[in-house]
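S.K.: So I've got this file, work.cif, and it contains mmCIF, C-alpha atoms and all ligand atoms:
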data_upload
loop_
_atom_site.label_atom_id
_atom_site.label_comp_id
_atom_site.auth_asym_id
_atom_site.auth_seq_id
_atom_site.Cartn_x
_atom_site.Cartn_y
_atom_site.Cartn_z
CA MET A 1 -4.01 8.98 26.83
CA PRO A 2 -3.90 11.69 29.49
CA GLU A 3 -7.50 12.60 30.45
CA ASP A 4 -6.88 16.32 30.16
CA CYS A 5 -5.12 16.35 26.77
CA ILE A 6 -7.13 18.51 24.39
CA PHE A 7 -5.43 17.12 21.28
CA CYS A 8 -6.33 13.53 22.32
CA LYS A 9 -9.95 14.75 22.55
CA PHE A 10 -9.73 16.00 18.95
CA VAL A 11 -8.52 12.57 17.83
CA SER A 12 -11.26 10.71 19.74
CA GLY A 13 -13.91 13.11 18.41
CA LYS A 14 -14.90 14.31 21.90
CA ILE A 15 -14.19 17.85 20.72
CA LYS A 16 -14.88 18.90 17.13
CA VAL A 17 -12.14 20.60 15.13
CA ASP A 18 -11.75 21.99 11.65
CA PHE A 19 -10.55 18.74 10.01
CA ILE A 20 -7.90 18.95 7.28
CA TYR A 21 -6.37 15.47 6.84
CA GLU A 22 -6.12 12.04 8.42
CA SER A 23 -4.02 8.89 7.92
CA ASP A 24 -3.68 5.69 9.97
CA ASN A 25 -1.59 7.36 12.67
CA PHE A 26 -1.92 11.10 12.07
CA PHE A 27 -4.57 13.77 12.18
CA ALA A 28 -4.43 17.37 10.92
CA PHE A 29 -6.65 20.32 11.80
CA ALA A 30 -6.72 24.10 11.59
CA ASP A 31 -4.91 25.96 14.37
CA ALA A 32 -7.44 27.87 16.49
CA ASN A 33 -5.16 30.92 16.70
CA PRO A 34 -3.61 30.99 13.25
CA LYS A 35 -0.27 32.81 12.95
CA VAL A 36 -0.84 32.92 9.18
CA LYS A 37 -3.75 32.00 6.91
CA GLY A 38 -4.04 28.21 6.58
CA HIS A 39 -2.01 27.49 9.75
CA THR A 40 -2.41 23.74 10.27
CA LEU A 41 -1.35 21.36 13.04
CA ILE A 42 -0.40 17.74 12.37
CA ILE A 43 -0.50 15.41 15.36
CA PRO A 44 0.05 11.70 15.92
CA LYS A 45 -3.19 10.00 16.99
CA LYS A 46 -1.34 8.41 19.91
CA HIS A 47 -0.21 10.68 22.71
CA PHE A 48 3.49 11.50 22.62
CA VAL A 49 4.89 14.61 24.29
CA ASN A 50 7.41 15.74 21.70
CA SER A 51 10.22 14.53 19.44
CA MET A 52 12.00 12.81 22.33
CA ASP A 53 9.34 10.12 22.85
CA PHE A 54 8.04 10.12 19.26
CA PRO A 55 8.81 6.69 17.74
CA ASP A 56 11.21 6.46 14.80
CA SER A 57 8.83 3.96 13.20
CA LEU A 58 6.30 6.76 12.53
CA ALA A 59 8.79 9.13 10.90
CA SER A 60 8.04 8.16 7.33
CA GLU A 61 4.26 8.35 7.81
CA LEU A 62 4.75 11.73 9.49
CA PHE A 63 6.47 13.06 6.39
CA GLU A 64 3.71 11.65 4.20
CA ALA A 65 1.24 13.65 6.33
CA ILE A 66 3.38 16.79 6.12
CA LYS A 67 3.54 16.55 2.34
CA ALA A 68 -0.19 15.78 2.02
CA VAL A 69 -1.13 18.86 4.07
CA ALA A 70 1.41 21.01 2.22
CA LYS A 71 -0.04 19.82 -1.10
CA ILE A 72 -3.51 20.92 0.01
CA ARG A 73 -2.21 24.39 0.92
CA LEU A 74 -0.08 24.75 -2.23
CA LYS A 75 -3.14 23.89 -4.35
CA GLU A 76 -4.97 26.73 -2.59
CA GLY A 77 -2.42 29.17 -3.97
CA PHE A 78 0.20 29.30 -1.22
CA GLU A 79 3.74 29.29 -2.58
CA GLY A 80 5.68 27.72 0.28
CA PHE A 81 5.45 26.67 3.90
CA ASN A 82 7.38 26.60 7.14
CA LEU A 83 7.43 23.42 9.21
CA VAL A 84 7.84 24.18 12.94
CA GLN A 85 7.84 21.98 16.00
CA ASN A 86 8.41 23.25 19.52
CA ASN A 87 9.93 20.83 22.02
CA PHE A 88 9.53 21.47 25.77
CA GLU A 89 8.31 24.62 27.49
CA ALA A 90 11.67 26.38 27.15
CA ALA A 91 11.27 26.24 23.36
CA GLY A 92 7.70 27.51 23.40
CA GLN A 93 5.75 24.23 23.54
CA LYS A 94 2.37 24.92 25.16
CA VAL A 95 0.38 21.79 24.29
CA MET A 96 2.18 18.69 25.55
CA HIS A 97 0.92 16.39 22.78
CA THR A 98 3.49 16.66 20.04
CA HIS A 99 2.39 18.65 17.01
CA PHE A 100 3.92 19.95 13.82
CA HIS A 101 2.95 23.41 12.60
CA ILE A 102 2.51 23.93 8.87
CA LEU A 103 2.65 27.66 8.16
CA PRO A 104 1.67 28.36 4.54
CA ARG A 105 3.55 31.24 2.93
CA LYS A 106 3.37 33.59 0.00
CA LYS A 107 6.17 35.79 -1.33
CA GLY A 108 6.15 39.14 0.43
CA ASP A 109 3.57 38.11 3.08
CA GLY A 110 5.70 39.82 5.72
CA PHE A 111 5.50 36.93 8.21
CA ARG A 112 8.72 36.29 10.14
CA LEU A 113 9.56 33.34 12.31
CA ASN A 114 11.08 34.79 15.47
CA GLY A 115 14.81 34.42 15.46
CA LEU A 116 15.08 32.73 12.05
P1 LIG B 201 2.82 25.18 20.67
O1 LIG B 201 3.11 26.55 21.17
O2 LIG B 201 3.81 24.68 19.67
O3 LIG B 201 2.55 24.20 21.79
O4 LIG B 201 1.49 25.32 19.84
C1 LIG B 201 0.23 25.02 20.33
C2 LIG B 201 -0.72 25.41 19.24
O5 LIG B 201 -1.97 24.81 19.52
C3 LIG B 201 -0.94 26.93 19.15
O6 LIG B 201 -0.64 27.38 17.82
C4 LIG B 201 -2.40 27.08 19.49
O7 LIG B 201 -3.01 28.11 18.75
C5 LIG B 201 -2.96 25.72 19.14
N1 LIG B 201 -4.16 25.37 19.87
C6 LIG B 201 -4.34 25.43 21.22
N2 LIG B 201 -5.60 25.04 21.54
C7 LIG B 201 -6.21 24.75 20.36
C8 LIG B 201 -7.51 24.32 20.00
N3 LIG B 201 -8.45 24.16 20.94
N4 LIG B 201 -7.80 24.10 18.69
C9 LIG B 201 -6.86 24.30 17.75
N5 LIG B 201 -5.60 24.71 18.02
C10 LIG B 201 -5.28 24.94 19.30
ZN ZN B 202 -2.73 13.81 23.84
#
In structure tokens, write the structure found in this file.
M.R.:
Amino acid sequence: MPEDCIFCKFVSGKIKVDFIYESDNFFAFADANPKVKGHTLIIPKKHFVNSMDFPDSLASELFEAIKAVAKIRLKEGFEGFNLVQNNFEAAGQKVMHTHFHILPRKKGDGFRLNGL
């Protein structure tokens, strides 16, 4: 684990976060600068940079985590969600520990993903 990775420090408990969900290999917490209400980040507990070094063997557990977090948000009254992952700086990735954004949505909330 890179010493200076803030997301690794969330996983190890060195820095406290607003915990949402955890499984064997994944951890989910509230985004500190939410783009929408309920904005959640899902990260692998092990440090991978992005999709390019993320192991295929974790793909099914990743989708379990995505659906578990989405279920929590849908139960809260959200009606849908966007799943976003930025890969490399050119695509807007700022934290170099791969993470998957869950952006809960409601009809007519006015939120727009840039370019989509
Ligand atoms: P990205 O642009 O895809 O790399 O997204 C990084 C995300 O991490 C942004 O949505 C930030 O708001 C979020 N973030 C950065 N630092 C923290 C932190 N200390 N706690 C929670 N979320 C963070
Ligand atoms: Zn890390």
S.K.: Just the number, please: distance in Å from CA of Phe63 in chain A to CA of Gly108 in chain A, one decimal.
M.R.: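 Between CA of Phe63 in chain A and CA of Gly108 in chain A the gap works out to 26.8 Å.
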S.K.: Please report the interatomic distance between CA of Gly110 in chain A and CA of Ser51 in chain A in Å with one decimal.
M.R.: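 Between CA of Gly110 in chain A and CA of Ser51 in chain A the gap works out to 29.1 Å.
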S.K.: Using all atoms listed in the file, which residue out of A:Thr40, A:Asn33, A:Asn114, A:Ser60 lies closest to Ala91 in chain A?
M.R.: A:Asn114
S.K.: Pick out the residues no farther than 9 Å from ligand ZN 202 (chain B), counting only C-alpha atoms and all ligand atoms, and list them as a compact mmCIF listing (two decimals) with C-alpha atoms, keeping the file's coordinate frame.
M.R.:
# COMPACT_ATOMS: atom_id res chain seq x y z
CA MET A 1 -4.01 8.98 26.83
CA PRO A 2 -3.90 11.69 29.49
CA GLU A 3 -7.50 12.60 30.45
CA ASP A 4 -6.88 16.32 30.16
CA CYS A 5 -5.12 16.35 26.77
CA ILE A 6 -7.13 18.51 24.39
CA PHE A 7 -5.43 17.12 21.28
CA CYS A 8 -6.33 13.53 22.32
CA LYS A 9 -9.95 14.75 22.55
CA PHE A 10 -9.73 16.00 18.95
CA VAL A 11 -8.52 12.57 17.83
CA ILE A 43 -0.50 15.41 15.36
CA PRO A 44 0.05 11.70 15.92
CA LYS A 45 -3.19 10.00 16.99
CA LYS A 46 -1.34 8.41 19.91
CA HIS A 47 -0.21 10.68 22.71
CA PHE A 48 3.49 11.50 22.62
CA VAL A 49 4.89 14.61 24.29
CA VAL A 95 0.38 21.79 24.29
CA MET A 96 2.18 18.69 25.55
CA HIS A 97 0.92 16.39 22.78
CA THR A 98 3.49 16.66 20.04
S.K.: Throw together the list of residues within 7 Å of ligand LIG 201 (chain B), counting all atoms listed in the file, and drop it here as a list in words.
M.R.: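 Residues lying within 7 Å of ligand LIG 201 (chain B): Ile6, Val17, Ala30, Asp31, Ala32, Asn33, Pro34, Gln85, Asn86, Gly92, Gln93, Lys94, Val95, Met96 and His99 of chain A.
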S.K.: Which residues come within 12 Å of Val69 in chain A, counting all atoms listed in the file, excluding same-chain residues fewer than 3 positions away, as a PDB file with C-alpha atoms, in the frame of the given file?
M.R.:
ATOM      1  CA  PHE A  19     -10.550  18.740  10.010  1.00  0.00           C
ATOM      2  CA  ILE A  20      -7.900  18.950   7.280  1.00  0.00           C
ATOM      3  CA  TYR A  21      -6.370  15.470   6.840  1.00  0.00           C
ATOM      4  CA  GLU A  22      -6.120  12.040   8.420  1.00  0.00           C
ATOM      5  CA  SER A  23      -4.020   8.890   7.920  1.00  0.00           C
ATOM      6  CA  PHE A  26      -1.920  11.100  12.070  1.00  0.00           C
ATOM      7  CA  PHE A  27      -4.570  13.770  12.180  1.00  0.00           C
ATOM      8  CA  ALA A  28      -4.430  17.370  10.920  1.00  0.00           C
ATOM      9  CA  PHE A  29      -6.650  20.320  11.800  1.00  0.00           C
ATOM     10  CA  ALA A  30      -6.720  24.100  11.590  1.00  0.00           C
ATOM     11  CA  GLY A  38      -4.040  28.210   6.580  1.00  0.00           C
ATOM     12  CA  HIS A  39      -2.010  27.490   9.750  1.00  0.00           C
ATOM     13  CA  THR A  40      -2.410  23.740  10.270  1.00  0.00           C
ATOM     14  CA  LEU A  41      -1.350  21.360  13.040  1.00  0.00           C
ATOM     15  CA  ILE A  42      -0.400  17.740  12.370  1.00  0.00           C
ATOM     16  CA  ILE A  43      -0.500  15.410  15.360  1.00  0.00           C
ATOM     17  CA  LEU A  62       4.750  11.730   9.490  1.00  0.00           C
ATOM     18  CA  PHE A  63       6.470  13.060   6.390  1.00  0.00           C
ATOM     19  CA  GLU A  64       3.710  11.650   4.200  1.00  0.00           C
ATOM     20  CA  ALA A  65       1.240  13.650   6.330  1.00  0.00           C
ATOM     21  CA  ILE A  66       3.380  16.790   6.120  1.00  0.00           C
ATOM     22  CA  ILE A  72      -3.510  20.920   0.010  1.00  0.00           C
ATOM     23  CA  ARG A  73      -2.210  24.390   0.920  1.00  0.00           C
ATOM     24  CA  LEU A  74      -0.080  24.750  -2.230  1.00  0.00           C
ATOM     25  CA  LYS A  75      -3.140  23.890  -4.350  1.00  0.00           C
ATOM     26  CA  GLU A  76      -4.970  26.730  -2.590  1.00  0.00           C
ATOM     27  CA  PHE A  78       0.200  29.300  -1.220  1.00  0.00           C
ATOM     28  CA  GLY A  80       5.680  27.720   0.280  1.00  0.00           C
ATOM     29  CA  PHE A  81       5.450  26.670   3.900  1.00  0.00           C
ATOM     30  CA  ASN A  82       7.380  26.600   7.140  1.00  0.00           C
ATOM     31  CA  LEU A  83       7.430  23.420   9.210  1.00  0.00           C
ATOM     32  CA  PHE A 100       3.920  19.950  13.820  1.00  0.00           C
ATOM     33  CA  HIS A 101       2.950  23.410  12.600  1.00  0.00           C
ATOM     34  CA  ILE A 102       2.510  23.930   8.870  1.00  0.00           C
ATOM     35  CA  LEU A 103       2.650  27.660   8.160  1.00  0.00           C
ATOM     36  CA  PRO A 104       1.670  28.360   4.540  1.00  0.00           C
TER      37      PRO A 104
END
S.K.: Quick one: of A:Asp109, A:Gly13, A:Phe54, A:Glu61, who's nearest to Asn25 in chain A, counting all atoms listed in the file?
M.R.: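 Of the candidates, the smallest distance to Asn25 in chain A is held by A:Glu61.
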S.K.: Considering all atoms listed in the file, can you say which of A:Met52, A:Val36, A:Ala70, A:Ala59 comes closest to Phe111 in chain A?
M.R.: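 Closest candidate: A:Val36.
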S.K.: Using all atoms listed in the file, can you tell me which of A:Lys67, A:Asp56, A:Gly77, A:Lys16 comes closest to Lys106 in chain A?
M.R.: A:Gly77
S.K.: Would you mind reading off the distance between CA of Arg112 in chain A and CA of Lys37 in chain A, one decimal, in Å?
M.R.: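 Separation of CA of Arg112 in chain A and CA of Lys37 in chain A: 13.6 Å.
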